[in-house]
Amino acid sequence: MTDQTWTNRTRERGKLAIRRVLHRMDLDLGKDPFTKRLARSLVHADITAVLDVGANVGQYATMLRRAGFSGDIVSVEPLSGAYAQLHTRAAKDSRWTCLNSAIGSGGGTATINVSANSFSSSILPLTDAHLRAAPGSEVIATEEVPLVSVIELMDQYGLSPETTLLKVDTQGFEGEVLDSAGDLLDRFAGVQLELSFVELYAGQPLFDELVDRMRKAGLELWQLETGISGPDGRLLQVDGVFLRTR
């Protein structure tokens, strides 16, 4: 047995031990995590700004900063409770702006269903499939929220779509958000979307429809990140990053 073989075997035994502990906590160990792959993708596409739609308490923007992204971030969050935490986080970063609003194409206001876990909240009704996959996502309240369009936000904050990533995490409302971008959708450097294989929210667009819409806008599927699964192990949702083809 060579020293190298012994070293390799010791390392693999260590990985297995760590995986056993992580699996008990519903976690996993992997090489080249999504955060690092996303950061490389932003550099590749010359993306210098992110419009973070559905920011919750700022997890996504915080992840970007930890990955080394130093450009402008505009985070938009409709829920008042989540927005308060988002505002506190963004206040420490001169290039991170936030807005308390929902995004849609019709203007006016909308009623959002507030879930117990906050991040499952949506303007659309939750389905039984969602409730089975995510216990604790039941609706506990509603809030009336203003609606603004992607076009209005891009103009308001002086963002150029050619150098901006449009990130959409709106729990089934992705179609409306994309509608509100109008012709700008054909110019964004990149788009990140939640993509569902089954209806987790009533009436939401599903994986095939959204991927086809991105392709027609000239955006290529660049990477996928596993999302939630059902109690039977079926994959229900992923995150997809699409970049402008050159």
# chains A, B, ... in the order shown; residues from 1 in each chain; ligands from 1
call {"tool": "select_by_dssp", "arguments": {"residues": "stretch 10-240 of chain A", "states": "strand (DSSP E or B)", "output": "PyMOL selection string"}}
result
chain A and resi 49-53+72-76+96-99+102-103+109-115+122+126+139-148+164-168+190-196+201+219-226+229+235+237-240
call {"tool": "residues_around", "arguments": {"residues": "A:Leu38", "least_positions_apart": "6", "cutoff": "12 Å", "atoms": "only C-alpha atoms", "output": "ChimeraX atom specification"}}
result
/A:32,44-45,47,60,63-69,165,167,190-192,222-225,239-243
call {"tool": "write_last_selection", "arguments": {"atoms": "N, CA, C and O atoms", "output": "short mmCIF file (atom, residue, chain, number, x, y, z; two decimals), in the first residue's frame"}}
result
data_model
loop_
_atom_site.label_atom_id
_atom_site.label_comp_id
_atom_site.auth_asym_id
_atom_site.auth_seq_id
_atom_site.Cartn_x
_atom_site.Cartn_y
_atom_site.Cartn_z
N ASP A 32 -17.65 22.23 -5.81
CA ASP A 32 -18.06 23.29 -6.72
C ASP A 32 -19.52 23.68 -6.49
O ASP A 32 -20.38 23.48 -7.34
N HIS A 44 -18.42 35.65 -16.48
CA HIS A 44 -18.41 35.24 -17.89
C HIS A 44 -19.33 36.12 -18.74
O HIS A 44 -19.00 36.47 -19.88
N ALA A 45 -20.49 36.47 -18.19
CA ALA A 45 -21.49 37.24 -18.94
C ALA A 45 -21.33 38.75 -18.78
O ALA A 45 -22.17 39.50 -19.27
N ILE A 47 -21.77 40.59 -16.22
CA ILE A 47 -22.89 41.13 -15.45
C ILE A 47 -22.37 41.97 -14.30
O ILE A 47 -21.57 41.50 -13.49
N TYR A 60 -30.22 36.03 -0.98
CA TYR A 60 -29.57 35.92 -2.28
C TYR A 60 -28.47 36.97 -2.42
O TYR A 60 -27.36 36.66 -2.84
N MET A 63 -25.52 36.11 -0.36
CA MET A 63 -24.77 35.04 -1.01
C MET A 63 -23.88 35.59 -2.12
O MET A 63 -22.71 35.20 -2.25
N LEU A 64 -24.42 36.53 -2.92
CA LEU A 64 -23.63 37.12 -3.99
C LEU A 64 -22.41 37.86 -3.44
O LEU A 64 -21.31 37.75 -3.99
N ARG A 65 -22.61 38.60 -2.40
CA ARG A 65 -21.49 39.35 -1.81
C ARG A 65 -20.43 38.40 -1.28
O ARG A 65 -19.23 38.63 -1.47
N ARG A 66 -20.84 37.34 -0.63
CA ARG A 66 -19.87 36.37 -0.10
C ARG A 66 -19.13 35.67 -1.22
O ARG A 66 -18.00 35.20 -1.03
N ALA A 67 -19.76 35.59 -2.41
CA ALA A 67 -19.12 34.97 -3.56
C ALA A 67 -18.20 35.93 -4.29
O ALA A 67 -17.54 35.54 -5.25
N GLY A 68 -18.17 37.19 -3.86
CA GLY A 68 -17.26 38.16 -4.45
C GLY A 68 -17.88 39.14 -5.41
O GLY A 68 -17.17 39.97 -6.00
N PHE A 69 -19.21 39.09 -5.61
CA PHE A 69 -19.86 40.03 -6.52
C PHE A 69 -19.89 41.42 -5.88
O PHE A 69 -20.40 41.59 -4.78
N LEU A 165 -28.42 40.95 -14.41
CA LEU A 165 -29.09 39.68 -14.18
C LEU A 165 -30.44 39.95 -13.54
O LEU A 165 -30.52 40.60 -12.49
N LYS A 167 -33.08 38.29 -11.50
CA LYS A 167 -33.31 37.11 -10.67
C LYS A 167 -34.76 37.15 -10.16
O LYS A 167 -35.18 38.14 -9.56
N GLY A 190 -28.73 38.11 -18.40
CA GLY A 190 -29.05 36.83 -17.77
C GLY A 190 -30.34 36.90 -16.99
O GLY A 190 -30.78 37.98 -16.59
N VAL A 191 -30.95 35.74 -16.80
CA VAL A 191 -32.17 35.62 -15.99
C VAL A 191 -32.03 34.37 -15.14
O VAL A 191 -31.59 33.32 -15.62
N GLN A 192 -32.39 34.50 -13.86
CA GLN A 192 -32.45 33.33 -12.99
C GLN A 192 -33.89 33.15 -12.54
O GLN A 192 -34.53 34.08 -12.06
N TRP A 222 -27.95 27.76 -18.63
CA TRP A 222 -26.52 27.71 -18.30
C TRP A 222 -26.23 26.76 -17.16
O TRP A 222 -25.23 26.05 -17.17
N GLN A 223 -27.10 26.75 -16.15
CA GLN A 223 -26.92 25.83 -15.05
C GLN A 223 -28.21 25.65 -14.28
O GLN A 223 -29.13 26.47 -14.36
N LEU A 224 -28.29 24.53 -13.55
CA LEU A 224 -29.44 24.20 -12.73
C LEU A 224 -28.99 23.91 -11.30
O LEU A 224 -27.90 23.38 -11.08
N GLU A 225 -29.85 24.26 -10.36
CA GLU A 225 -29.59 23.96 -8.96
C GLU A 225 -30.83 23.28 -8.39
O GLU A 225 -31.94 23.77 -8.53
N ASP A 239 -33.74 25.69 -9.61
CA ASP A 239 -33.41 27.06 -10.02
C ASP A 239 -32.63 26.96 -11.32
O ASP A 239 -31.69 26.16 -11.43
N GLY A 240 -33.00 27.76 -12.30
CA GLY A 240 -32.30 27.77 -13.57
C GLY A 240 -31.67 29.12 -13.85
O GLY A 240 -32.30 30.16 -13.64
N VAL A 241 -30.42 29.11 -14.26
CA VAL A 241 -29.72 30.34 -14.67
C VAL A 241 -29.60 30.33 -16.19
O VAL A 241 -29.10 29.35 -16.76
N PHE A 242 -30.05 31.39 -16.83
CA PHE A 242 -30.02 31.52 -18.29
C PHE A 242 -29.14 32.71 -18.65
O PHE A 242 -29.27 33.79 -18.07
N LEU A 243 -28.25 32.51 -19.62
CA LEU A 243 -27.38 33.61 -20.07
C LEU A 243 -27.61 33.90 -21.54
O LEU A 243 -28.01 33.02 -22.32
#
call {"tool": "closest_atom_pairs", "arguments": {"of": "stretch 108-145 of chain A", "to": "stretch 170-185 of chain A", "cutoff": "10 Å", "atoms": "only C-alpha atoms", "output": "tab-separated table"}}
result
residue	atom	partner	partner_atom	distance
A:Phe119	CA	A:Gln171	CA	8.3
A:Ser120	CA	A:Gln171	CA	6.5
A:Ser121	CA	A:Gln171	CA	6.9
A:Ser122	CA	A:Gln171	CA	5.5
A:Ile123	CA	A:Phe173	CA	7.0
A:Leu124	CA	A:Gly172	CA	6.8
A:Pro125	CA	A:Gly172	CA	9.2
A:Leu126	CA	A:Gly172	CA	9.1
call {"tool": "residues_around", "arguments": {"residues": "A:Ala102", "least_positions_apart": "3", "cutoff": "12 Å", "atoms": "only C-alpha atoms", "output": "PyMOL selection string"}}
result
chain A and resi 52-56+75-80+83+98-99+105-112+121-123+143-150+153+168-171+173-174+176-177+180
call {"tool": "atom_distance", "arguments": {"atom1": "atom CA of A:Glu209", "atom2": "atom CA of A:Thr226"}}
result
18.4 Å
call {"tool": "residues_around", "arguments": {"residues": "A:Arg187", "least_positions_apart": "6", "cutoff": "10 Å", "atoms": "only C-alpha atoms", "output": "list of chain:residue names"}}
result
A:Ser160, A:Pro161, A:Glu162, A:Thr163, A:Thr164, A:Ala181, A:Ala217, A:Gly218, A:Leu219, A:Arg244
call {"tool": "atom_distance", "arguments": {"atom1": "atom CA of A:Thr62", "atom2": "atom CA of A:Ala49"}}
result
14.0 Å
call {"tool": "select_by_dssp", "arguments": {"residues": "stretch 47-205 of chain A", "states": "helix (DSSP H, G or I)", "output": "ChimeraX atom specification"}}
result
/A:59-66,80-90,128-133,150-156,161-163,174-179,182-186
call {"tool": "atom_distance", "arguments": {"atom1": "atom CA of A:Asp212", "atom2": "atom CA of A:Ile73"}}
result
27.1 Å
call {"tool": "closest_residue", "arguments": {"among": "A:Ser118, A:Ser137, A:Thr127, A:Gln156", "to": "A:Thr97", "atoms": "only C-alpha atoms"}}
result
A:Gln156
call {"tool": "closest_residue", "arguments": {"among": "A:Ser94, A:Asn113, A:Ser41, A:Ser229", "to": "A:Arg132", "atoms": "only C-alpha atoms"}}
result
A:Ser229
